[in-house]
Each structure stands twice: as structure tokens, then as C-alpha cells.
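Raw model.cif, mmCIF, C-alpha atoms:
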data_protein
loop_
_atom_site.label_atom_id
_atom_site.label_comp_id
_atom_site.auth_asym_id
_atom_site.auth_seq_id
_atom_site.Cartn_x
_atom_site.Cartn_y
_atom_site.Cartn_z
CA MET A 816 277.74 107.38 -114.92
CA LYS A 817 278.10 104.00 -116.55
CA SER A 818 280.90 101.75 -115.42
CA GLY A 819 284.07 101.93 -117.50
CA ARG A 820 285.63 98.91 -119.16
CA LEU A 821 289.11 97.89 -120.18
CA ILE A 822 289.21 96.53 -123.70
CA SER A 823 292.06 95.07 -125.68
CA LEU A 824 292.97 96.54 -129.04
CA LEU A 825 295.62 95.45 -131.48
CA SER A 826 297.32 98.82 -131.11
CA GLY A 827 297.53 98.46 -127.34
CA LEU A 828 295.30 98.91 -124.36
CA LEU A 829 292.68 101.62 -124.41
CA LEU A 830 290.61 102.85 -121.49
CA LEU A 831 287.18 104.29 -122.18
CA LEU A 832 285.08 106.49 -119.98
CA SER A 833 281.38 106.26 -120.77
CA CYS A 834 278.58 108.40 -119.50
CA GLN A 835 275.15 109.43 -120.64
CA ARG A 836 274.56 112.92 -122.06
CA ASN A 837 271.29 113.74 -123.76
CA GLY A 838 270.89 110.09 -124.69
CA LEU A 839 274.34 109.92 -126.32
CA ASP A 840 277.25 107.77 -125.27
CA LEU A 841 280.37 109.77 -124.50
CA THR A 842 283.81 108.16 -124.49
CA LEU A 843 287.15 109.46 -123.27
CA SER A 844 290.23 107.90 -124.78
CA ILE A 845 293.14 107.37 -122.40
CA GLY A 846 296.31 106.31 -124.16
CA PRO A 847 297.33 103.92 -125.45
CA TYR A 848 301.07 103.87 -124.76
CA GLY A 849 302.38 100.40 -125.55
CA THR A 850 300.99 97.82 -123.16
CA GLU A 851 300.72 100.07 -120.09
CA THR A 852 297.53 99.91 -118.03
CA ARG A 853 298.26 102.26 -115.13
CA LYS A 854 297.14 105.89 -114.92
CA VAL A 855 299.05 108.93 -113.71
CA MET A 856 297.44 111.85 -111.89
CA LEU A 857 299.60 114.97 -111.40
CA LEU A 858 298.81 117.87 -109.12
CA TYR A 859 300.69 120.96 -110.30
CA GLU A 860 300.54 123.37 -107.39
CA ALA A 861 302.01 126.83 -108.07
CA GLY A 862 301.62 128.25 -104.58
CA PHE A 863 304.45 130.66 -103.84
CA ASN A 864 301.79 133.32 -103.42
CA SER A 865 298.91 134.11 -101.07
CA LEU A 866 297.58 130.55 -101.51
CA GLY A 867 300.64 128.76 -100.11
CA GLY A 868 298.98 127.76 -96.84
CA ASP A 869 295.80 126.62 -98.56
CA ILE A 870 297.70 124.51 -101.08
CA SER A 871 299.70 122.88 -98.25
CA ALA A 872 296.37 122.05 -96.56
CA ASN A 873 295.07 120.61 -99.84
CA ILE A 874 298.08 118.30 -100.09
CA ALA A 875 297.54 117.15 -96.50
CA SER A 876 293.89 116.38 -97.32
CA LEU A 877 294.98 114.41 -100.37
CA ARG A 878 297.03 112.14 -98.10
CA ASN A 879 293.87 111.38 -96.10
CA GLY A 880 292.04 110.09 -99.16
CA TYR A 881 292.56 107.24 -101.58
CA LEU A 882 296.23 106.42 -102.21
CA PRO A 883 297.42 103.78 -104.68
CA GLY A 884 300.24 101.37 -104.01
CA ASN A 885 303.74 101.86 -105.41
CA GLY A 886 304.13 98.70 -107.46
CA ARG A 887 305.11 98.78 -111.12
CA GLN A 888 301.53 98.29 -112.25
CA ASP A 889 299.89 100.54 -109.66
CA ASP A 890 298.47 103.90 -110.61
CA VAL A 891 300.67 106.89 -109.82
CA LEU A 892 299.74 109.95 -107.74
CA LEU A 893 302.22 112.82 -108.05
CA VAL A 894 302.34 116.27 -106.46
CA PHE A 895 304.55 119.00 -107.87
CA SER A 896 304.37 121.89 -105.44
CA HIS A 897 306.01 125.19 -104.63
CA VAL A 898 304.61 126.86 -101.53
CA THR A 899 305.66 129.51 -99.04
CA GLN A 900 307.20 128.42 -95.76
CA THR A 901 304.97 130.92 -93.94
CA ARG A 902 301.71 132.31 -95.28
CA ARG A 903 302.31 135.49 -97.32
CA VAL A 904 306.00 135.64 -96.43
CA TYR A 905 307.95 135.79 -99.70
CA SER A 906 311.39 136.79 -98.43
CA THR A 907 312.20 133.17 -97.54
CA GLU A 908 312.68 131.32 -100.82
CA THR A 909 311.65 127.67 -100.99
CA SER A 910 312.32 124.77 -103.36
CA PRO A 911 309.72 123.27 -105.71
CA VAL A 912 309.50 119.49 -105.26
CA LEU A 913 308.00 116.54 -107.10
CA VAL A 914 306.63 113.92 -104.70
CA ARG A 915 304.93 110.56 -105.20
CA LEU A 916 302.18 109.75 -102.72
CA TYR A 917 301.23 106.12 -102.10
CA GLN A 918 300.32 103.69 -99.34
CA GLU A 919 301.95 100.59 -97.91
CA HIS A 920 299.73 98.32 -95.82
CA GLY A 921 297.26 101.17 -95.47
CA VAL A 922 299.86 103.67 -94.21
CA PRO A 923 300.39 106.87 -96.28
CA GLN A 924 303.90 107.24 -97.69
CA SER A 925 305.70 109.81 -99.81
CA ASP A 926 308.88 109.79 -101.85
CA THR A 927 310.55 112.99 -103.04
CA LEU A 928 311.55 112.30 -106.63
CA ARG A 929 313.22 115.60 -107.41
CA SER A 930 313.69 119.09 -106.02
CA TRP A 931 314.61 122.32 -107.78
CA PRO A 932 316.78 125.19 -106.50
CA ALA A 933 315.17 127.51 -103.95
CA GLY A 934 313.55 130.47 -105.63
CA THR A 935 312.69 128.62 -108.85
CA SER A 936 309.38 129.90 -110.18
CA THR A 937 306.83 127.30 -111.28
CA ALA A 938 304.53 129.87 -112.94
CA ASN A 939 306.19 129.70 -116.33
CA ALA A 940 305.71 127.62 -119.45
CA ALA A 941 309.19 126.08 -119.43
CA MET A 942 308.57 124.56 -115.99
CA VAL A 943 305.21 123.10 -117.06
CA THR A 944 306.93 121.36 -119.98
CA GLU A 945 309.85 120.17 -117.85
CA VAL A 946 307.63 118.63 -115.20
CA LEU A 947 305.26 116.92 -117.63
CA ASP A 948 308.17 115.51 -119.64
CA LEU A 949 309.76 114.22 -116.43
CA VAL A 950 306.49 112.59 -115.39
CA ARG A 951 306.09 110.70 -118.65
CA GLU A 952 309.75 109.64 -118.79
CA THR A 953 309.66 108.37 -115.20
CA PHE A 954 306.20 106.76 -115.25
CA PRO A 955 305.14 105.27 -118.61
CA ALA A 956 301.36 104.87 -118.39
CA ALA A 957 298.15 104.30 -120.31
CA GLY A 958 297.12 107.91 -119.71
CA TYR A 959 297.88 111.11 -117.86
CA GLY A 960 295.71 113.73 -116.22
CA ALA A 961 296.57 116.94 -114.40
CA VAL A 962 295.07 119.18 -111.74
CA PHE A 963 296.46 122.73 -111.82
CA SER A 964 296.10 124.91 -108.74
CA SER A 965 297.16 128.53 -108.34
CA HIS A 966 295.90 132.01 -109.16
CA ALA A 967 294.41 132.43 -112.64
CA THR A 968 292.51 134.97 -114.71
CA GLY A 969 291.27 133.16 -117.80
CA TRP A 970 292.61 134.47 -121.11
CA LEU A 971 293.52 137.97 -119.88
CA PRO A 972 297.08 139.21 -120.55
CA GLU A 973 299.65 138.68 -117.81
CA GLY A 974 299.09 141.15 -114.98
CA TYR A 975 296.07 142.87 -116.52
CA PHE A 976 293.43 141.61 -114.12
CA SER A 977 294.91 143.30 -111.08
CA ASN A 978 296.56 146.31 -112.72
CA PRO A 979 294.85 147.36 -115.98
CA LYS A 980 296.19 150.90 -115.65
CA SER A 981 299.71 149.73 -116.49
CA TYR A 982 298.37 148.51 -119.85
CA GLU A 983 295.64 151.02 -120.61
CA GLY A 984 297.34 154.20 -119.46
CA THR A 985 294.11 154.99 -117.64
CA ASP A 986 292.52 153.71 -114.45
CA ARG A 987 289.67 151.26 -114.94
CA GLY A 988 288.99 151.39 -111.23
CA SER A 989 291.40 148.70 -110.13
CA GLY A 990 293.82 149.73 -107.44
CA GLY A 991 295.74 146.49 -107.01
CA MET A 992 295.31 142.83 -106.15
CA TYR A 993 291.77 142.26 -105.03
CA TRP A 994 291.95 138.84 -103.38
CA THR A 995 290.17 140.08 -100.29
CA ALA A 996 288.09 138.13 -97.80
CA PRO A 997 286.41 135.88 -98.60
CA ARG A 998 289.64 134.70 -100.21
CA GLN A 999 289.67 133.07 -103.64
CA LYS A 1000 291.91 130.92 -105.75
CA THR A 1001 292.46 132.80 -108.93
CA PHE A 1002 296.44 129.81 -112.71
CA GLY A 1003 300.00 130.40 -112.59
CA GLN A 1004 300.95 133.46 -110.55
CA GLU A 1005 303.95 133.32 -108.23
CA TYR A 1006 306.27 135.79 -106.54
CA TYR A 1007 310.03 135.71 -106.99
CA GLU A 1008 313.10 137.73 -106.00
CA SER A 1009 311.91 137.82 -102.38
CA GLY A 1010 308.42 138.88 -103.35
CA THR A 1011 309.42 141.98 -105.31
CA LYS A 1012 308.26 140.60 -108.68
CA GLN A 1013 305.60 138.24 -109.90
CA GLU A 1014 305.24 135.94 -112.88
CA GLU A 1015 302.22 134.47 -114.66
CA ILE A 1016 301.70 132.09 -117.57
CA GLU A 1017 299.61 133.50 -120.40
CA LEU A 1018 297.02 131.13 -121.83
CA HIS A 1019 298.54 130.54 -125.26
CA ASP A 1020 301.96 129.89 -123.67
CA PHE A 1021 300.40 127.48 -121.19
CA ALA A 1022 298.73 125.49 -123.97
CA ALA A 1023 301.94 125.37 -126.01
CA ALA A 1024 303.85 124.15 -122.93
CA ILE A 1025 301.88 120.91 -122.60
CA PRO A 1026 304.06 118.40 -124.50
CA TYR A 1027 301.52 115.59 -124.96
CA LYS A 1028 297.78 115.18 -124.84
CA LEU A 1029 296.32 114.82 -121.37
CA ASP A 1030 293.14 112.89 -120.68
CA TYR A 1031 291.86 115.74 -118.54
CA ILE A 1032 292.82 119.06 -117.05
CA LEU A 1033 291.09 120.17 -113.88
CA PHE A 1034 291.67 123.79 -112.86
CA ASP A 1035 291.48 124.43 -109.14
CA ALA A 1036 291.85 128.09 -110.07
CA CYS A 1037 289.51 130.98 -110.78
CA LEU A 1038 287.77 132.04 -113.98
CA MET A 1039 289.06 129.24 -116.23
CA ALA A 1040 285.74 127.95 -117.61
CA SER A 1041 285.70 130.37 -120.51
CA VAL A 1042 285.24 129.43 -124.13
CA GLU A 1043 288.61 131.02 -124.88
CA VAL A 1044 290.38 128.69 -122.42
CA ALA A 1045 288.53 125.58 -123.60
CA TRP A 1046 289.29 126.31 -127.26
CA GLU A 1047 292.97 127.01 -126.56
CA LEU A 1048 293.32 123.67 -124.75
CA ARG A 1049 291.19 121.56 -127.09
CA ASN A 1050 294.20 119.82 -128.65
CA VAL A 1051 296.10 119.19 -125.40
CA CYS A 1052 293.37 117.63 -123.25
CA SER A 1053 290.28 115.55 -123.88
CA TYR A 1054 288.24 116.98 -121.02
CA LEU A 1055 288.38 120.24 -119.10
CA GLY A 1056 286.90 120.86 -115.66
CA ALA A 1057 286.87 124.45 -114.39
CA SER A 1058 284.78 127.24 -112.88
CA PRO A 1059 283.57 130.32 -114.78
CA CYS A 1060 283.57 132.12 -111.41
CA GLU A 1061 286.28 132.34 -108.79
CA ILE A 1062 287.10 129.34 -106.62
CA PRO A 1063 287.30 129.54 -102.82
CA ALA A 1064 290.83 129.34 -101.42
CA ALA A 1065 290.07 125.92 -99.91
CA GLY A 1066 289.39 124.71 -103.43
CA PHE A 1067 288.24 121.28 -104.50
CA ASN A 1068 287.57 118.36 -102.19
CA TYR A 1069 291.10 116.95 -102.11
CA GLU A 1070 290.18 114.13 -99.76
CA THR A 1071 288.03 112.57 -102.49
CA LEU A 1072 289.95 113.78 -105.55
CA ALA A 1073 292.11 110.69 -106.09
CA HIS A 1074 289.06 108.54 -105.32
CA HIS A 1075 287.44 109.98 -108.45
CA LEU A 1076 290.48 110.32 -110.70
CA LEU A 1077 292.58 107.27 -109.79
CA GLU A 1078 290.63 104.63 -107.89
CA PRO A 1079 288.13 103.77 -110.66
CA GLU A 1080 289.23 101.88 -113.74
CA VAL A 1081 288.79 105.14 -115.61
CA PRO A 1082 288.98 108.72 -114.27
CA ASP A 1083 285.64 110.14 -113.16
CA LEU A 1084 286.19 113.82 -113.84
CA GLN A 1085 282.49 114.55 -113.60
CA GLY A 1086 282.45 113.05 -110.10
CA ALA A 1087 285.31 115.32 -109.04
CA CYS A 1088 283.43 118.35 -110.42
CA ALA A 1089 280.20 117.29 -108.73
CA ASP A 1090 282.07 116.88 -105.43
CA TYR A 1091 283.35 120.44 -105.73
CA PHE A 1092 279.82 121.71 -106.32
CA ALA A 1093 278.44 119.72 -103.39
CA ARG A 1094 281.11 121.17 -101.11
CA TYR A 1095 279.81 124.73 -101.58
CA GLU A 1096 276.22 124.14 -102.70
CA HIS A 1097 274.79 125.18 -99.34
CA ASP A 1098 277.64 127.41 -98.19
CA SER A 1099 276.30 130.67 -96.80
CA VAL A 1100 279.36 132.67 -97.95
CA TYR A 1101 280.40 131.27 -101.30
CA GLY A 1102 278.21 129.16 -103.54
CA ALA A 1103 279.77 127.55 -106.61
CA ALA A 1104 279.79 127.22 -110.37
CA ILE A 1105 281.53 124.39 -112.21
CA THR A 1106 281.68 123.26 -115.84
CA MET A 1107 283.00 120.16 -117.56
CA VAL A 1108 283.80 120.43 -121.28
CA ASP A 1109 284.33 117.72 -123.88
CA CYS A 1110 287.10 119.43 -125.86
CA GLY A 1111 286.60 117.09 -128.81
CA ARG A 1112 283.12 118.56 -129.37
CA LEU A 1113 283.98 122.24 -129.48
CA GLU A 1114 284.19 122.55 -133.28
CA PRO A 1115 280.40 122.75 -133.81
CA LEU A 1116 280.18 125.41 -131.09
CA ALA A 1117 282.88 127.48 -132.80
CA ALA A 1118 281.14 127.13 -136.16
CA GLU A 1119 277.79 128.21 -134.68
CA CYS A 1120 279.36 131.14 -132.83
CA ARG A 1121 281.12 132.38 -135.95
CA VAL A 1122 277.77 132.60 -137.72
CA LEU A 1123 276.06 134.30 -134.78
CA PHE A 1124 278.88 136.75 -134.07
CA ASP A 1125 278.66 137.93 -137.66
CA ARG A 1126 274.86 138.00 -137.71
CA TYR A 1127 274.54 139.95 -134.47
CA ARG A 1128 277.76 141.99 -134.60
CA ASP A 1129 276.00 145.33 -134.22
CA GLY A 1130 274.00 144.00 -131.30
CA ILE A 1131 277.14 142.69 -129.56
CA LEU A 1132 279.00 145.97 -129.96
CA ASN A 1133 276.10 148.13 -128.78
CA LEU A 1134 274.44 146.05 -126.07
CA GLU A 1135 274.20 147.15 -122.45
CA GLY A 1136 276.84 145.06 -120.74
CA ARG A 1137 275.17 145.59 -117.38
CA ASN A 1138 272.27 143.42 -118.60
CA VAL A 1139 274.44 140.37 -119.35
CA GLN A 1140 275.16 137.60 -116.82
CA VAL A 1141 278.66 138.15 -115.40
CA TYR A 1142 280.91 135.68 -113.59
CA ASP A 1143 283.57 137.93 -112.04
CA ARG A 1144 283.09 140.29 -109.10
CA GLN A 1145 283.79 143.87 -108.27
CA ALA A 1146 285.74 143.50 -105.04
CA GLY A 1147 288.58 145.22 -103.31
CA GLY A 1148 290.01 147.66 -105.84
CA LYS A 1149 288.66 145.87 -108.91
CA GLN A 1150 285.77 147.77 -110.44
CA TYR A 1151 285.30 146.35 -113.92
CA TYR A 1152 283.93 143.15 -115.46
CA ALA A 1153 285.66 140.86 -117.95
CA PHE A 1154 283.80 137.51 -117.95
CA PHE A 1155 280.28 137.30 -119.42
CA ASP A 1156 278.03 134.33 -120.12
CA LEU A 1157 278.37 133.28 -123.76
CA LYS A 1158 274.71 132.49 -124.40
CA ASP A 1159 273.34 135.39 -122.39
CA LEU A 1160 275.60 137.78 -124.28
CA LEU A 1161 274.06 136.68 -127.57
CA ARG A 1162 270.57 136.79 -126.09
CA GLU A 1163 271.11 140.42 -125.09
CA ALA A 1164 272.60 141.12 -128.52
CA GLY A 1165 269.22 140.25 -130.06
CA ALA A 1166 269.67 136.64 -131.17
CA SER A 1167 266.40 135.02 -132.25
CA GLU A 1168 264.87 132.11 -130.39
CA THR A 1169 265.77 129.85 -133.32
CA ASP A 1170 269.39 130.93 -133.24
CA LEU A 1171 269.54 130.57 -129.47
CA ALA A 1172 268.13 127.04 -129.79
CA ASP A 1173 270.84 126.17 -132.32
CA LEU A 1174 273.45 127.64 -129.99
CA GLN A 1175 272.08 125.60 -127.09
CA SER A 1176 272.32 122.42 -129.18
CA ALA A 1177 276.01 123.13 -129.78
CA LEU A 1178 276.49 123.89 -126.08
CA ASP A 1179 274.76 120.65 -125.12
CA GLU A 1180 277.33 118.75 -127.17
CA ALA A 1181 280.35 120.52 -125.72
CA VAL A 1182 279.31 121.09 -122.09
CA VAL A 1183 279.07 117.66 -120.48
CA TYR A 1184 278.28 118.87 -116.98
CA GLU A 1185 277.35 122.26 -115.58
CA ALA A 1186 276.12 123.23 -112.13
CA HIS A 1187 275.75 126.55 -110.35
CA THR A 1188 274.13 127.87 -107.21
CA ASP A 1189 271.76 130.84 -107.24
CA SER A 1190 274.68 133.14 -106.48
CA PHE A 1191 278.42 133.21 -105.98
CA ILE A 1192 279.27 135.52 -103.06
CA THR A 1193 277.80 138.81 -104.39
CA ILE A 1194 277.02 137.70 -107.98
CA PRO A 1195 273.51 136.45 -108.84
CA LEU A 1196 273.79 133.42 -111.14
CA LYS A 1197 270.54 133.31 -113.07
CA ARG A 1198 271.33 132.81 -116.78
CA CYS A 1199 274.35 130.52 -116.99
CA CYS A 1200 275.34 128.24 -119.86
CA GLY A 1201 278.58 127.28 -118.10
CA LEU A 1202 281.03 129.09 -120.39
CA ALA A 1203 282.22 132.67 -120.00
CA MET A 1204 283.34 134.90 -122.89
CA TYR A 1205 284.86 138.31 -123.60
CA LEU A 1206 282.60 141.26 -124.43
CA PRO A 1207 284.44 143.52 -126.91
CA ALA A 1208 284.76 147.30 -126.71
CA TYR A 1209 281.88 149.31 -128.13
CA PRO A 1210 282.19 151.99 -130.85
CA GLY A 1211 283.69 155.22 -129.56
CA TYR A 1212 284.93 153.47 -126.40
CA LYS A 1213 286.32 155.71 -123.70
CA ARG A 1214 285.75 154.05 -120.36
CA ASP A 1215 283.13 151.49 -119.41
CA ILE A 1216 283.32 148.84 -116.71
CA TRP A 1217 280.88 146.57 -118.58
CA HIS A 1218 282.85 146.12 -121.81
CA GLY A 1219 286.33 145.33 -123.03
CA THR A 1220 288.73 148.00 -124.21
CA GLU A 1221 290.65 148.82 -127.37
CA PHE A 1222 293.77 147.39 -125.71
CA LEU A 1223 292.01 144.14 -124.84
CA ASP A 1224 290.50 143.93 -128.33
CA GLY A 1225 294.02 144.12 -129.73
CA ALA A 1226 295.33 141.46 -127.35
CA TYR A 1227 292.34 139.27 -128.16
CA LYS A 1228 292.98 139.47 -131.91
CA LYS A 1229 296.68 138.75 -131.48
CA ASN A 1230 296.74 136.02 -128.85
CA VAL A 1231 293.35 134.28 -128.52
CA ALA A 1232 292.80 131.34 -130.88
CA TRP A 1233 289.02 131.47 -130.28
CA ASN A 1234 288.97 134.80 -132.08
CA GLU A 1235 290.71 133.30 -135.10
CA ALA A 1236 288.04 130.59 -135.22
CA THR A 1237 285.01 132.84 -134.67
CA GLN A 1238 286.00 136.40 -135.63
CA LEU A 1239 284.44 137.93 -132.55
CA VAL A 1240 286.82 140.90 -132.75
CA LEU A 1241 287.58 142.13 -136.27
#

Can you present the structure in this file as C-alpha cells?
Amino acid sequence: MKSGRLISLLSGLLLLLSCQRNGLDLTLSIGPYGTETRKVMLLYEAGFNSLGGDISANIASLRNGYLPGNGRQDDVLLVFSHVTQTRRVYSTETSPVLVRLYQEHGVPQSDTLRSWPAGTSTANAAMVTEVLDLVRETFPAAGYGAVFSSHATGWLPEGYFSNPKSYEGTDRGSGGMYWTAPRQKTFGQEYYESGTKQEEIELHDFAAAIPYKLDYILFDACLMASVEVAWELRNVCSYLGASPCEIPAAGFNYETLAHHLLEPEVPDLQGACADYFARYEHDSVYGAAITMVDCGRLEPLAAECRVLFDRYRDGILNLEGRNVQVYDRQAGGKQYYAFFDLKDLLREAGASETDLADLQSALDEAVVYEAHTDSFITIPLKRCCGLAMYLPAYPGYKRDIWHGTEFLDGAYKKNVAWNEATQLVL
């Protein structure tokens, strides 16, 4: 990672992040907004769910790491959080709060900037917009980045991951929430009305809720490094850091997170991703997979995929899904797969070596950083390009745990922008 530099432009101040990728210089634009030089890092923690205790621990760890000052020119570290008072107890409603963390003379401090009424759900698009607008109005800055932590299930429709039967009218082998030990973080699911209902943010609503372009989005949440997620967010963030697999409940290394994203002159998102990988690289229970995407370089990947999806359509629809690298587990009551490796899917569909080489070239442009262990819990990770993708239903579909379904095909065509760009599902 080359050192960043602050340069002066007539239009204002611009921060540039430079690193080396396949011999090419990569730059990340941060701002400009007038003559501001400070950066803002926001943690958006939707934790009124089974992760409440873990998210509280993450916030405590954050306080033990790098903290900026609270002067007008100092960088700004904000935490918007909604957590349970007691782990897995949802009958006691709590208030979401926005807090600024900083240090004075080396002593950690915190100021509560705003609180919301008890019982307010943070797992909805309107709240994402409200918080981000409040952040920009309160703290004008050269650039903004966000870390989102909660449950998440990629592009899948709200509620489908844990209860497909309610959508399909038939049981795909999922009997309920499957977050069983070892526990995982999986974005945007919270309980409300004393735990009797739950709410999630669907991907296209989440993207539409972000009111201005962020320099980066880091998902401390499961299954968000899919090509569908990256494409949906390409116009609202410059970089995306996420895992194609689940993420352990303890999540990222919060003690070093602000060190990477605030302390340097420019945010080091790759360093934050590498720290996550290092945390679980030798873990005997978990393992890890992490991907960093340059969202500004996704267009060539979409163009290449559109050609290949058309060329190998019959192969995609008729391949043996069990032979493709998967990223999600069968665990608890969940007994189907929904996240497959993009490149390996095309390999199994019969793509030629020449076409696979062209695909890899496009991936090399878009995927800045990718790392994975040999396995994640029970999943062997052998053929990973770093981006997951949907595998459509096959002709004459009835029930198959290795493919999508007619219902999911319909949702994909209606709601997933990646499909509009590539025509995976016709």
C-alpha cells in the first residue's frame, strides 16, 4: 500500500488512496466538499436481534483503539447503534442512539448526539437515510465512509433465507432461523413489537436509501460479497468490503478498525479487510473469506458476464449445482444453497479456457483484494474468485437444494439490477 497524499485542486481538496494492483495505480476519490479536510467514519449497528451482545462488545473494543480528537478539524468517529439490553431478550424495548467517540488527553470520551424513541427499528431504509443525512448536516467533511453491522442475506428477498416455505408454498428444508453455534453475523434484521415481528432491508431499498456517495461501505454482516450486492451499490460507494461467506458473531477487529479507516491520511479499507482475515486465518472453528471491490470497475465485469451468460445459458441451466463452489452452509434447519462462486459457476457451465481467462481479467480489475482460508466452518473453499452469485432454477424445476427456484427467478428479474445488466435470468 503506497502512502496517500493530500493534494490541492481548484475545485477543493481531494484525498486519494493509492495502491498497487496488477501493476496499475488505483485511486479512491474522497470528496471534495468545499474546503473540508476531515473524514467521517460511521458505524451503523442494527443489533436489536441475537447479535446485540456482540455488537455492544464491538463498540467497547472500538473505544480501546484509535480515537480522534473532537476539534473542528479532527476526523469524526460516530456510532449509531440499537442493541438489546439483555442478550436475546426482546420484550424490553431500547432506544437507538447516535454517539461520537473521541479522546481528550488520551482518555476515551463519548457524546450522545441524538436518541430515538424506544422501540424504533433501525432495519429500514428510512432510518438509513435519516441517519446519513444527519451525519452530513452535523459534520461537513471531505468524505464519508460507513461500516454496517447486523444480520444480512445478500440479495435474497426479505425473510426468504430463514423461511422459504412462506414464499414458495413448499418446504425447501428450512425450519426456521439457523444461526446456531458457532454463531454468525448474517444486514438489517431487527425485532420489534416486543420480539413478535421482525424487519429487514431489501438490497434495492438499502441502495436507494443512501443519500450521497460514500467512499466505502464495509459490511460486518454475512453473505454480502456477491456480484448482485456490489452492482447494486456501485453508484453509492467507491469501494465495498464484505465476505461471500458468513461472518463470525465477533466480527471484524474493532480495536484496529479506526486505525485503518481514520488514523491514516486516507482510509485503508484493504488493511481493515486484511485484519479481519488475519483474525480468523488460523482459527480452528471458523476460517474466513473477505473481498474488496472497486465499484468503479464493475462495468467491464458486467459486460463480460452478459456475453458469457448468453453463450453458456444451456450449461448454466443444466449444470450440477453440487459441483459448484458454494459459500453458504447447510446448518440448523437450513438445507439449501443460494450463494455460488461466479467464476466456478461458469467453469462448470462449460466455459472455455479463453472465456474464463477473459472473465478473470475483468475480475482482476474489479476485485482489489480477496483472501480465503481452506475452509469456512464446514465449507471447503477451493475455487473462489471472491464474488458469489445466484444459480437460477433449471428447466422443469420441482425441488432442488442446489439451484434457485421459479419464485427466486421472478424476484431476481424484478428486483436485482445485476440481472438487468447481464440477463442471467430471462

Care to translate the PyMOL selection byres ((chain A and resi 1083-1097) around 10) into actual residues of this file, as a PyMOL selection string? chain A and resi 816+818-819+832-834+960+1030-1033+1035+1054-1058+1062-1063+1066-1069+1071-1082+1098-1108+1183-1191

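Of the listed residues (A:Glu1047, A:Asp1143, A:Glu952, A:Asp889), A:Asp1143 comes nearest to Glu1061 of chain A; the distances count all atoms listed in the file.
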
Expanded to explicit residues, what is the PyMOL selection byres ((chain A and resi 919) around 12) for this file, as a list of chain:residue names? A:Leu882, A:Pro883, A:Gly884, A:Asn885, A:Gly886, A:Asp889, A:Leu916, A:Tyr917, A:Gln918, A:His920, A:Gly921, A:Val922, A:Pro923, A:Gln924, A:Ser925

Please enumerate the residues selected by the PyMOL selection byres ((chain A and resi 1219) around 10) when evaluated against the supplied file, formatted as number ranges by chain. A: 1136, 1151-1154, 1205-1209, 1212, 1214-1218, 1220-1224, 1227

For a cutoff of 8 Å around the file-coordinate point (298.1, 124.6, -103.1), which residues qualify once you count all atoms listed in the file? I'd like the result as a compact mmCIF listing (two decimals) with C-alpha atoms, in the coordinates of the input.
# COMPACT_ATOMS: atom_id res chain seq x y z
CA GLU A 860 300.54 123.37 -107.39
CA ALA A 861 302.01 126.83 -108.07
CA GLY A 862 301.62 128.25 -104.58
CA LEU A 866 297.58 130.55 -101.51
CA GLY A 867 300.64 128.76 -100.11
CA GLY A 868 298.98 127.76 -96.84
CA ASP A 869 295.80 126.62 -98.56
CA ILE A 870 297.70 124.51 -101.08
CA SER A 871 299.70 122.88 -98.25
CA ALA A 872 296.37 122.05 -96.56
CA ASN A 873 295.07 120.61 -99.84
CA ILE A 874 298.08 118.30 -100.09
CA SER A 896 304.37 121.89 -105.44
CA VAL A 898 304.61 126.86 -101.53
CA SER A 964 296.10 124.91 -108.74
CA SER A 965 297.16 128.53 -108.34

So which residues touch Val943 of chain A within 9 Å, counting only C-alpha atoms, skipping near sequence neighbours fewer than 5 positions away, as a PyMOL selection string? chain A and resi 859+937-938+948+1021+1024-1026

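Relative to atom CA of Asn1050 of chain A, atom CA of Val950 of chain A is found at 19.5 Å.
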
Given 8 Å on each side, where is the centre and what are the edge lengths in Å to one decimal of the axis-aligned box enclosing the listed atoms of segment 1069-1079 of chain A, as lines of an AutoDock Vina configuration file?
center_x = 290.0
center_y = 110.4
center_z = -105.2
size_x = 21.1
size_y = 29.2
size_z = 26.9

With a distance cut-off of 8 Å and all atoms listed in the file, select the neighbouring residues of segment 1155-1161 of chain A, excluding the residue or stretch itself and same-chain residues fewer than 2 positions from it, and output the selection as a list in words. Val1042, Leu1123, Tyr1127, Ile1131, Val1139, Gln1140, Val1141, Tyr1142, Tyr1152, Ala1153, Glu1163, Ala1164, Gly1165, Ala1166, Leu1171, Leu1174, Gln1175, Arg1198, Cys1199, Cys1200, Gly1201, Leu1202, Ala1203, Met1204, Tyr1205 and Leu1206 of chain A

Between atom CA of Val1051 of chain A and atom CA of Val855 of chain A, what is the spacing in Å? 15.8 Å

What separates atom CA of Leu1239 of chain A and atom CA of Leu1178 of chain A is a distance of 17.4 Å

Excluding Pro972 of chain A and its own-chain neighbours fewer than 4 positions away, which residues fall within 10 Å of it when counting only C-alpha atoms? Please give them as a PyMOL selection string. chain A and resi 968+976+979+982+1015-1019+1223+1226-1227+1230

When you count only C-alpha atoms, which of these residues is closest to Gly1211 of chain A: A:Ala961, A:Leu1132, A:Leu877, A:Ala1064? A:Leu1132

At a cut-off of 10 Å, using only C-alpha atoms, what residues contact Arg1121 of chain A? Leave out same-chain residues fewer than 6 positions from it and give the result as a list in words. Pro1115, Trp1233, Asn1234, Glu1235, Ala1236, Thr1237, Gln1238 and Leu1239 of chain A
